[in-house]
Each structure stands twice: as structure tokens, then as C-alpha cells.
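What follows is the content of upload-v2.txt (compact mmCIF, C-alpha atoms).
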```
# COMPACT_ATOMS: atom_id res chain seq x y z
CA MET Y 1 92.70 -103.52 94.13
CA ARG Y 2 94.64 -106.11 96.14
CA ALA Y 3 97.09 -106.48 93.27
CA ALA Y 4 97.62 -102.70 93.05
CA ILE Y 5 98.21 -102.45 96.82
CA GLU Y 6 100.65 -105.34 96.83
CA ARG Y 7 102.65 -103.79 93.97
CA GLU Y 8 102.81 -100.37 95.60
CA LEU Y 9 103.74 -101.67 99.04
CA HIS Y 10 106.10 -104.36 97.72
CA ALA Y 11 104.31 -106.95 99.85
CA GLY Y 12 102.78 -110.33 99.20
CA HIS Y 13 99.21 -111.39 99.85
CA GLN Y 14 100.10 -113.25 103.05
CA GLU Y 15 102.00 -110.26 104.42
CA LEU Y 16 99.11 -107.84 104.04
CA GLN Y 17 96.23 -108.95 106.26
CA LEU Y 18 93.67 -106.50 104.90
CA ALA Y 19 89.91 -106.75 104.56
CA ILE Y 20 88.55 -104.86 101.55
CA ARG Y 21 84.82 -104.22 101.14
CA ALA Y 22 83.54 -102.64 97.94
CA ALA Y 23 79.98 -101.40 97.40
CA ASP Y 24 78.16 -100.84 94.12
CA ASP Y 25 78.23 -97.06 94.68
CA GLY Y 26 82.05 -97.00 94.46
CA HIS Y 27 82.58 -96.79 98.23
CA VAL Y 28 85.50 -98.94 99.41
CA THR Y 29 86.39 -99.69 103.03
CA ILE Y 30 89.83 -101.06 103.96
CA SER Y 31 90.42 -102.47 107.43
CA GLY Y 32 93.08 -104.57 109.14
CA GLU Y 33 96.56 -103.93 110.52
CA VAL Y 34 99.61 -102.52 108.74
CA GLU Y 35 103.26 -102.37 109.70
CA ASP Y 36 103.80 -98.61 109.80
CA ILE Y 37 102.46 -95.18 108.85
CA ILE Y 38 104.07 -95.37 105.40
CA ARG Y 39 101.94 -98.33 104.38
CA LYS Y 40 98.83 -96.86 105.97
CA ARG Y 41 99.12 -93.55 104.15
CA LYS Y 42 99.70 -95.23 100.78
CA LEU Y 43 96.63 -97.47 100.92
CA ALA Y 44 93.85 -95.01 100.13
CA PRO Y 45 95.56 -93.25 97.17
CA VAL Y 46 96.44 -96.59 95.57
CA ALA Y 47 92.94 -97.98 96.07
CA GLY Y 48 91.43 -94.76 94.73
CA GLN Y 49 93.21 -95.20 91.41
CA VAL Y 50 91.37 -98.45 90.67
CA PRO Y 51 88.67 -97.85 88.03
CA GLY Y 52 85.20 -97.58 89.57
CA VAL Y 53 86.38 -96.51 93.02
CA LEU Y 54 84.90 -93.16 94.04
CA ARG Y 55 85.65 -93.02 97.76
CA VAL Y 56 88.03 -94.91 100.06
CA GLU Y 57 87.52 -95.18 103.82
CA ASP Y 58 90.72 -96.22 105.58
CA GLN Y 59 90.00 -98.06 108.84
CA THR Y 60 93.41 -99.73 109.10
CA ARG Y 61 95.45 -99.56 112.27
CA ILE Y 62 99.18 -99.68 112.84
CA ILE Y 63 100.54 -102.71 114.68
CA PRO Y 64 101.87 -101.36 118.02
CA ALA Y 65 105.20 -102.50 119.41
CA GLN Y 66 103.40 -102.94 122.73
CA ARG Y 67 99.66 -102.95 123.42
CA LYS Y 68 98.63 -100.72 126.33
CA ALA Y 69 95.44 -99.85 128.20
CA ASP Y 70 93.51 -96.78 127.07
CA GLY Y 71 94.10 -95.02 130.38
CA GLU Y 72 97.85 -95.44 130.06
CA LEU Y 73 97.77 -94.17 126.48
CA LEU Y 74 95.72 -91.16 127.53
CA ASP Y 75 98.22 -90.32 130.28
CA ALA Y 76 101.09 -90.43 127.80
CA LEU Y 77 99.34 -88.40 125.10
CA TYR Y 78 98.13 -85.77 127.56
CA ALA Y 79 101.67 -85.43 128.92
CA ALA Y 80 103.06 -85.02 125.39
CA LEU Y 81 100.56 -82.31 124.43
CA SER Y 82 100.59 -80.40 127.71
CA SER Y 83 104.40 -80.32 127.85
CA GLU Y 84 104.73 -79.04 124.27
CA SER Y 85 105.62 -75.34 124.32
CA ALA Y 86 103.36 -74.62 121.33
CA PHE Y 87 100.33 -75.63 123.43
CA ARG Y 88 101.35 -73.94 126.67
CA GLU Y 89 98.39 -71.53 126.49
CA TYR Y 90 95.87 -74.21 125.52
CA ALA Y 91 93.16 -75.85 127.59
CA ILE Y 92 93.55 -79.62 127.25
CA ALA Y 93 91.15 -82.28 128.50
CA GLY Y 94 91.31 -86.05 128.15
CA GLU Y 95 88.90 -88.97 128.33
CA ASP Y 96 89.58 -92.69 127.99
CA GLY Y 97 86.02 -93.84 127.32
CA GLY Y 98 85.91 -95.56 130.70
CA PRO Y 99 83.75 -94.90 133.78
CA ASN Y 100 85.96 -92.08 135.07
CA GLY Y 101 85.05 -89.68 132.27
CA VAL Y 102 87.15 -86.55 131.82
CA ARG Y 103 90.58 -87.02 133.35
CA TYR Y 104 92.33 -83.70 132.87
CA SER Y 105 91.67 -80.05 132.23
CA SER Y 106 93.63 -76.82 132.33
CA ARG Y 107 93.28 -73.07 131.66
CA GLU Y 108 89.84 -71.57 131.28
CA ASP Y 109 91.17 -68.45 129.50
CA ALA Y 110 92.93 -70.38 126.74
CA ALA Y 111 94.35 -69.60 123.32
CA GLY Y 112 93.01 -72.93 122.06
CA VAL Y 113 91.08 -75.95 123.28
CA MET Y 114 91.89 -79.60 122.69
CA GLU Y 115 89.93 -82.61 123.89
CA ILE Y 116 91.51 -86.06 123.71
CA LEU Y 117 89.55 -89.29 123.56
CA VAL Y 118 91.36 -92.63 123.59
CA LYS Y 119 89.28 -95.73 122.93
CA ASP Y 120 90.59 -99.11 121.79
CA ALA Y 121 94.03 -97.45 121.36
CA VAL Y 122 92.61 -94.98 118.80
CA ALA Y 123 93.22 -91.32 119.66
CA THR Y 124 90.62 -88.75 118.61
CA LEU Y 125 91.56 -85.05 118.77
CA VAL Y 126 88.72 -82.50 118.93
CA GLY Y 127 88.76 -78.73 119.41
CA ASN Y 128 90.13 -75.47 118.07
CA VAL Y 129 93.77 -74.60 117.40
CA GLN Y 130 95.45 -71.38 116.32
CA SER Y 131 97.20 -72.54 113.16
CA LEU Y 132 97.65 -75.34 110.66
CA THR Y 133 101.10 -75.96 112.14
CA HIS Y 134 99.55 -76.50 115.58
CA ARG Y 135 97.00 -78.90 114.09
CA ARG Y 136 99.70 -80.88 112.34
CA LEU Y 137 101.96 -80.95 115.38
CA ALA Y 138 99.16 -82.21 117.63
CA GLU Y 139 98.41 -85.09 115.26
CA VAL Y 140 102.08 -86.04 114.99
CA LEU Y 141 102.45 -86.08 118.79
CA ALA Y 142 99.45 -88.41 118.94
CA TRP Y 143 101.04 -90.74 116.37
CA TRP Y 144 104.30 -90.67 118.31
CA THR Y 145 102.60 -91.92 121.48
CA PRO Y 146 103.72 -95.56 121.82
CA GLY Y 147 100.73 -97.89 121.62
CA ILE Y 148 98.42 -95.60 119.62
CA VAL Y 149 97.21 -97.49 116.55
CA ASP Y 150 95.27 -94.76 114.74
CA VAL Y 151 94.58 -91.03 115.01
CA VAL Y 152 91.33 -89.28 114.12
CA ASP Y 153 92.06 -85.57 113.72
CA GLN Y 154 88.94 -83.43 114.13
CA LEU Y 155 90.75 -80.23 115.11
CA HIS Y 156 89.67 -76.96 113.50
CA VAL Y 157 91.92 -73.98 112.78
CA VAL Y 158 90.33 -70.77 114.11
CA PRO Y 159 90.39 -68.42 112.31
CA PRO Y 160 90.64 -70.51 109.11
CA GLU Y 161 94.02 -70.50 107.40
CA ASP Y 162 94.94 -71.19 103.77
CA ASP Y 163 97.32 -74.10 103.36
CA SER Y 164 100.45 -73.92 101.20
CA ASP Y 165 103.62 -75.81 100.42
CA ASP Y 166 105.59 -73.32 102.50
CA GLU Y 167 103.36 -73.96 105.51
CA LEU Y 168 103.65 -77.71 105.05
CA THR Y 169 107.43 -77.47 104.71
CA ASP Y 170 107.67 -75.43 107.92
CA ALA Y 171 105.58 -78.03 109.77
CA LEU Y 172 107.76 -80.84 108.45
CA ARG Y 173 110.92 -79.10 109.62
CA ILE Y 174 109.43 -78.56 113.09
CA VAL Y 175 108.47 -82.23 113.34
CA LEU Y 176 111.92 -83.42 112.26
CA GLU Y 177 113.56 -81.06 114.76
CA LYS Y 178 111.40 -82.41 117.57
CA ASP Y 179 112.29 -86.04 116.84
CA PRO Y 180 115.01 -86.81 119.44
CA TRP Y 181 116.36 -89.69 117.36
CA LEU Y 182 117.26 -87.55 114.35
CA ASP Y 183 119.75 -84.82 113.56
CA ALA Y 184 117.38 -82.56 111.66
CA SER Y 185 120.22 -80.23 110.67
CA GLN Y 186 121.38 -82.95 108.28
CA ILE Y 187 118.00 -83.19 106.49
CA THR Y 188 116.63 -80.88 103.82
CA VAL Y 189 112.93 -80.72 102.96
CA ARG Y 190 111.31 -79.64 99.69
CA THR Y 191 107.57 -79.65 99.05
CA ALA Y 192 105.53 -79.19 95.88
CA SER Y 193 101.75 -79.73 95.86
CA GLY Y 194 102.03 -81.90 98.96
CA ARG Y 195 104.78 -84.06 97.43
CA VAL Y 196 107.77 -84.12 99.76
CA VAL Y 197 111.42 -84.75 98.93
CA LEU Y 198 113.77 -85.56 101.81
CA ASP Y 199 117.49 -85.22 101.22
CA GLY Y 200 120.58 -85.25 103.38
CA LEU Y 201 122.80 -87.57 105.35
CA LEU Y 202 122.05 -89.75 108.39
CA ARG Y 203 124.02 -92.34 110.32
CA THR Y 204 121.79 -95.41 110.02
CA SER Y 205 119.12 -96.91 107.80
CA GLU Y 206 116.81 -96.90 110.85
CA GLN Y 207 117.14 -93.13 111.12
CA ARG Y 208 116.48 -92.81 107.39
CA HIS Y 209 113.26 -94.80 107.85
CA MET Y 210 112.29 -92.71 110.90
CA ALA Y 211 112.64 -89.51 108.89
CA GLU Y 212 110.34 -90.85 106.19
CA CYS Y 213 107.80 -91.98 108.78
CA ASP Y 214 107.90 -88.54 110.40
CA ALA Y 215 107.06 -86.98 107.05
CA TRP Y 216 104.13 -89.33 106.50
CA TYR Y 217 102.77 -88.59 109.99
CA VAL Y 218 102.19 -84.97 108.96
CA PRO Y 219 98.68 -84.47 107.52
CA GLY Y 220 98.68 -82.94 104.06
CA VAL Y 221 101.63 -84.96 102.78
CA ARG Y 222 100.63 -86.76 99.58
CA SER Y 223 103.87 -88.58 98.79
CA VAL Y 224 107.43 -88.84 100.11
CA GLU Y 225 110.58 -89.34 98.05
CA ASN Y 226 113.33 -90.34 100.45
CA ARG Y 227 116.74 -89.41 99.03
CA ILE Y 228 118.51 -89.42 102.39
CA GLN Y 229 121.85 -91.23 102.24
CA VAL Y 230 123.26 -93.37 105.05
CA ARG Y 231 126.86 -92.89 106.06
CA SER Y 232 128.32 -93.91 109.40
```
Once more with this new file: its structure as C-alpha cells, please.
Amino acid sequence: MRAAIERELHAGHQELQLAIRAADDGHVTISGEVEDIIRKRKLAPVAGQVPGVLRVEDQTRIIPAQRKADGELLDALYAALSSESAFREYAIAGEDGGPNGVRYSSREDAAGVMEILVKDAVATLVGNVQSLTHRRLAEVLAWWTPGIVDVVDQLHVVPPEDDSDDELTDALRIVLEKDPWLDASQITVRTASGRVVLDGLLRTSEQRHMAECDAWYVPGVRSVENRIQVRS
């Protein structure tokens, strides 16, 4: 399994500080820290292809550029969600796992309800949202919060909604448009069975990498082929 992960991520053993625990029942747990969302998302599918593996539990966390207190992370995530126009009619509450308990709340007569828990820099989202796009957008905003190392998405779509490539493509376009560091008009998105192809033209290799990360942040994406070209 380590060999398969190293080949897929183009990384050596010393670069990947991962702990892998395998049980006789085919349950594998992977923990440790990874560089970015691309590596995190690729771990479980690669490990799952190893013969004998039946289930993979990904407990890895992304290395933050700056480590922050849970209360500070909660403030930032709450601000991001409450200022998003898609969640204007939602009731949002937050808790940092500390002695102060619930920190925020708004709107009793709400179109949706989201509760945020931040503990050890891991954000957990709980509640009901109106659409799959809202669920995906909420998770991406959590990932975008500087200092968050993992996101546990326990949001439910009420009423339930069937997923599709068109829905996933629409969510991807919304996310790319909301990224202030990208010119989303220069990026095209195609999706087939959760496999995403990004094409277009951006100014820097950093922006090209950002676009791919943005795609991987969106739940439901199974793979990303980045065909974006860089031209200053």
C-alpha cells in the first residue's frame, strides 16, 4: 500500500509521513499530515485498490500554513458562511469545543440550519441544507478557512436530491467563480461520472494549482485531469 501511494503521489517514503494500520477484516486506517487537498483526496482510492482492502478510513490532515486557535478558526468560518449570499436565510450556530459553548446563532425562521464545531482545527458541519450545491459550497468554504486541517461534512439535503454530473459541474463552476485568486471565465469544466477535466488558460502555475485544489475540495469529485495551460 505504501508503494502504491508513493507512486500515485510521486513522493518518496521520507516525504510522506503517514501511519497505515491494516486489520484482518480488510479495514485500513490512514493518519498523518499531507501537503494539500490533492494528496489527501487521492489516498483512499489508491489504498482501496490494494488487494484485500475492503474499507479505507482517511484520518489525514492537511498541513496548515499557520496554526491557529479553535476560537479564531470558528470566528473565520462563521464569518465566511454567514456572509455567503447562498446562506443568507440560514440559521448558523458555532461551537469551538471550549467552555463557552455555542458562540453564534441567527434566524429562528430559517430556510436551513447549520451548526459548526471546530476542535483541534477540524471543522465539523452538521444540519440541513436546501440543495447539494449548498452542501458542497459549505464544505468548500470550510476548507478555504486558513488553519483548518480537515472537514467532516455531516450536512443533509432536505428534501433529498439526486446527484448528477450536471449538478457537480454547476457546483464546480460556482466554486471557481468564488475564488478571488482565479479568473474563472478562463476555465472550462467537464464532468463524467465524477471525473473532472479542467481546461483553459491562466497566468501562473500557482493559479493552475489553485484551480485543481478547488476542484478537489468539492465533495463528489473522483478524479481531476488538469489541462489548464499557463501563459503570462
Item to check | Nearest to Y:Ala79, chosen from Y:Ala110, Y:Pro64, Y:Arg136, Y:Ile116, with only C-alpha atoms counted in the distances | outcome: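 Going through Y:Ala110, Y:Pro64, Y:Arg136, Y:Ile116 one by one, the smallest distance to Y:Ala79 is for Y:Ile116.
Distances to Y:Ser205 were evaluated for Y:Val53, Y:Ile38, Y:Ile228, Y:Leu73 using only C-alpha atoms, and the minimum falls at Y:Ile228.
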Next on the checklist: Please compute the atom CA of Y:Val56-atom CA of Y:Asp150 distance, one decimal, in Å.
Outcome noted: 16.4 Å
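For the residues Y:Ser85, Y:Gln207, Y:Thr29, Y:Thr191, ranking by smallest atom-to-atom distance to Y:Arg231 using all atoms listed in the file places Y:Gln207 first.
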Item to check | Between atom CA of Y:Trp216 and atom CA of Y:Leu77 - distance in Å to one decimal | outcome: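 Separation between atom CA of Y:Leu77 and atom CA of Y:Trp216: 19.2 Å.
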Checklist entry - With all atoms listed in the file as the atoms that count, which of Y:Glu8, Y:Arg208, Y:Glu72, Y:Leu125 lies nearest to Y:Lys42? => result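 Between Y:Glu8, Y:Arg208, Y:Glu72, Y:Leu125, the residue approaching Y:Lys42 most closely is Y:Glu8.
Once Y:Asn226 and its same-chain neighbours fewer than 5 positions away are set aside, Ile38, Ile187, Thr188, Val189, Arg190, Arg195, Val196, Val197, Leu198, Asp199, Gly200, Leu201, Leu202, Ser205, Gln207, Arg208, His209, Met210, Ala211, Glu212, Cys213, Asp214, Ala215 and Trp216 of chain Y remain within 12 Å of it when counting only C-alpha atoms.
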Item to check | Within 12 Å of Y:Arg7 using only C-alpha atoms, minus same-chain residues under 6 positions, as a list in words | outcome: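 The residues satisfying every condition are Met1, His13, Leu16, Arg39, Lys42, Leu43, Val46 and Ala47 of chain Y.
Using all atoms listed in the file, the nearest neighbour of Y:Ala4 within the list Y:Pro45, Y:Lys178, Y:Glu95, Y:Ser31 is Y:Pro45.
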Item to check | Atomic distance atom CA of Y:Gly52 - atom CA of Y:Gly26, expressed in Å with one decimal | outcome: 5.8 Å
Checklist entry - For Y:Glu57, which of Y:Ala23, Y:Glu89, Y:Val224, Y:Pro219 is the closest residue, counting only C-alpha atoms? => result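 Selected residue with least distance to Y:Glu57: Y:Ala23.
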Residues within 9 Å of Y:Gln130, please, as an mmCIF file with C-alpha atoms, keeping the file's coordinate frame. Count all atoms listed in the file; anything in the same chain fewer than 3 positions from it doesn't count.
```cif
data_model
loop_
_atom_site.group_PDB
_atom_site.id
_atom_site.type_symbol
_atom_site.label_atom_id
_atom_site.label_comp_id
_atom_site.auth_asym_id
_atom_site.auth_seq_id
_atom_site.Cartn_x
_atom_site.Cartn_y
_atom_site.Cartn_z
ATOM 1 C CA ALA Y 111 94.350 -69.600 123.320
ATOM 2 C CA GLY Y 112 93.010 -72.930 122.060
ATOM 3 C CA THR Y 133 101.100 -75.960 112.140
ATOM 4 C CA HIS Y 134 99.550 -76.500 115.580
ATOM 5 C CA ARG Y 135 97.000 -78.900 114.090
ATOM 6 C CA HIS Y 156 89.670 -76.960 113.500
ATOM 7 C CA VAL Y 157 91.920 -73.980 112.780
ATOM 8 C CA VAL Y 158 90.330 -70.770 114.110
ATOM 9 C CA PRO Y 159 90.390 -68.420 112.310
ATOM 10 C CA PRO Y 160 90.640 -70.510 109.110
#
```
Mind working out the centre and edge lengths of an axis-aligned box for stretch 204-214 of chain Y, all listed atoms inside, 6 Å added to each side, rounded to one decimal in Å and written as lines of an AutoDock Vina configuration file?
```
center_x = 114.8
center_y = -92.7
center_z = 108.7
size_x = 26.0
size_y = 20.4
size_z = 16.9
```
Repaired coordinates for stretch 101-127 of chain Y (N, CA and C atoms) as an mmCIF file, in the frame of the given file:
```cif
data_model
loop_
_atom_site.group_PDB
_atom_site.id
_atom_site.type_symbol
_atom_site.label_atom_id
_atom_site.label_comp_id
_atom_site.auth_asym_id
_atom_site.auth_seq_id
_atom_site.Cartn_x
_atom_site.Cartn_y
_atom_site.Cartn_z
ATOM 1 N N GLY Y 101 85.348 -90.869 133.043
ATOM 2 C CA GLY Y 101 85.050 -89.680 132.270
ATOM 3 C C GLY Y 101 86.277 -88.816 132.050
ATOM 4 N N VAL Y 102 86.064 -87.489 132.083
ATOM 5 C CA VAL Y 102 87.150 -86.550 131.820
ATOM 6 C C VAL Y 102 88.228 -86.700 132.886
ATOM 7 N N ARG Y 103 89.459 -86.763 132.449
ATOM 8 C CA ARG Y 103 90.580 -87.020 133.350
ATOM 9 C C ARG Y 103 91.411 -85.786 133.638
ATOM 10 N N TYR Y 104 91.457 -84.847 132.700
ATOM 11 C CA TYR Y 104 92.330 -83.700 132.870
ATOM 12 C C TYR Y 104 91.660 -82.451 132.313
ATOM 13 N N SER Y 105 92.085 -81.323 132.820
ATOM 14 C CA SER Y 105 91.670 -80.050 132.230
ATOM 15 C C SER Y 105 92.624 -78.971 132.708
ATOM 16 N N SER Y 106 92.754 -77.911 131.932
ATOM 17 C CA SER Y 106 93.630 -76.820 132.330
ATOM 18 C C SER Y 106 93.254 -75.551 131.582
ATOM 19 N N ARG Y 107 93.415 -74.400 132.235
ATOM 20 C CA ARG Y 107 93.280 -73.070 131.660
ATOM 21 C C ARG Y 107 91.890 -72.806 131.085
ATOM 22 N N GLU Y 108 91.127 -71.995 131.805
ATOM 23 C CA GLU Y 108 89.840 -71.570 131.280
ATOM 24 C C GLU Y 108 89.995 -70.473 130.233
ATOM 25 N N ASP Y 109 90.909 -69.528 130.457
ATOM 26 C CA ASP Y 109 91.170 -68.450 129.500
ATOM 27 C C ASP Y 109 92.296 -68.913 128.579
ATOM 28 N N ALA Y 110 91.931 -69.660 127.533
ATOM 29 C CA ALA Y 110 92.930 -70.380 126.740
ATOM 30 C C ALA Y 110 92.985 -69.851 125.315
ATOM 31 N N ALA Y 111 94.166 -69.978 124.716
ATOM 32 C CA ALA Y 111 94.350 -69.600 123.320
ATOM 33 C C ALA Y 111 93.740 -70.638 122.379
ATOM 34 N N GLY Y 112 93.596 -71.850 122.846
ATOM 35 C CA GLY Y 112 93.010 -72.930 122.060
ATOM 36 C C GLY Y 112 92.492 -73.996 122.997
ATOM 37 N N VAL Y 113 91.681 -74.886 122.476
ATOM 38 C CA VAL Y 113 91.080 -75.950 123.280
ATOM 39 C C VAL Y 113 91.246 -77.277 122.559
ATOM 40 N N MET Y 114 91.778 -78.261 123.250
ATOM 41 C CA MET Y 114 91.890 -79.600 122.690
ATOM 42 C C MET Y 114 91.304 -80.618 123.652
ATOM 43 N N GLU Y 115 90.474 -81.493 123.124
ATOM 44 C CA GLU Y 115 89.930 -82.610 123.890
ATOM 45 C C GLU Y 115 90.479 -83.898 123.282
ATOM 46 N N ILE Y 116 90.935 -84.794 124.150
ATOM 47 C CA ILE Y 116 91.510 -86.060 123.710
ATOM 48 C C ILE Y 116 90.596 -87.194 124.149
ATOM 49 N N LEU Y 117 90.268 -88.062 123.237
ATOM 50 C CA LEU Y 117 89.550 -89.290 123.560
ATOM 51 C C LEU Y 117 90.389 -90.466 123.087
ATOM 52 N N VAL Y 118 90.641 -91.415 123.975
ATOM 53 C CA VAL Y 118 91.360 -92.630 123.590
ATOM 54 C C VAL Y 118 90.443 -93.813 123.854
ATOM 55 N N LYS Y 119 90.132 -94.553 122.810
ATOM 56 C CA LYS Y 119 89.280 -95.730 122.930
ATOM 57 C C LYS Y 119 89.802 -96.809 122.005
ATOM 58 N N ASP Y 120 90.045 -97.988 122.554
ATOM 59 C CA ASP Y 120 90.590 -99.110 121.790
ATOM 60 C C ASP Y 120 91.902 -98.722 121.109
ATOM 61 N N ALA Y 121 92.700 -97.902 121.819
ATOM 62 C CA ALA Y 121 94.030 -97.450 121.360
ATOM 63 C C ALA Y 121 93.963 -96.494 120.184
ATOM 64 N N VAL Y 122 92.763 -95.990 119.841
ATOM 65 C CA VAL Y 122 92.610 -94.980 118.800
ATOM 66 C C VAL Y 122 92.443 -93.622 119.460
ATOM 67 N N ALA Y 123 93.279 -92.657 119.093
ATOM 68 C CA ALA Y 123 93.220 -91.320 119.660
ATOM 69 C C ALA Y 123 92.406 -90.403 118.751
ATOM 70 N N THR Y 124 91.416 -89.730 119.331
ATOM 71 C CA THR Y 124 90.620 -88.750 118.610
ATOM 72 C C THR Y 124 90.910 -87.372 119.199
ATOM 73 N N LEU Y 125 91.254 -86.411 118.342
ATOM 74 C CA LEU Y 125 91.560 -85.050 118.770
ATOM 75 C C LEU Y 125 90.436 -84.135 118.290
ATOM 76 N N VAL Y 126 89.845 -83.386 119.229
ATOM 77 C CA VAL Y 126 88.720 -82.500 118.930
ATOM 78 C C VAL Y 126 89.030 -81.125 119.526
ATOM 79 N N GLY Y 127 88.594 -80.064 118.839
ATOM 80 C CA GLY Y 127 88.760 -78.730 119.410
ATOM 81 C C GLY Y 127 89.211 -77.714 118.389
#
```
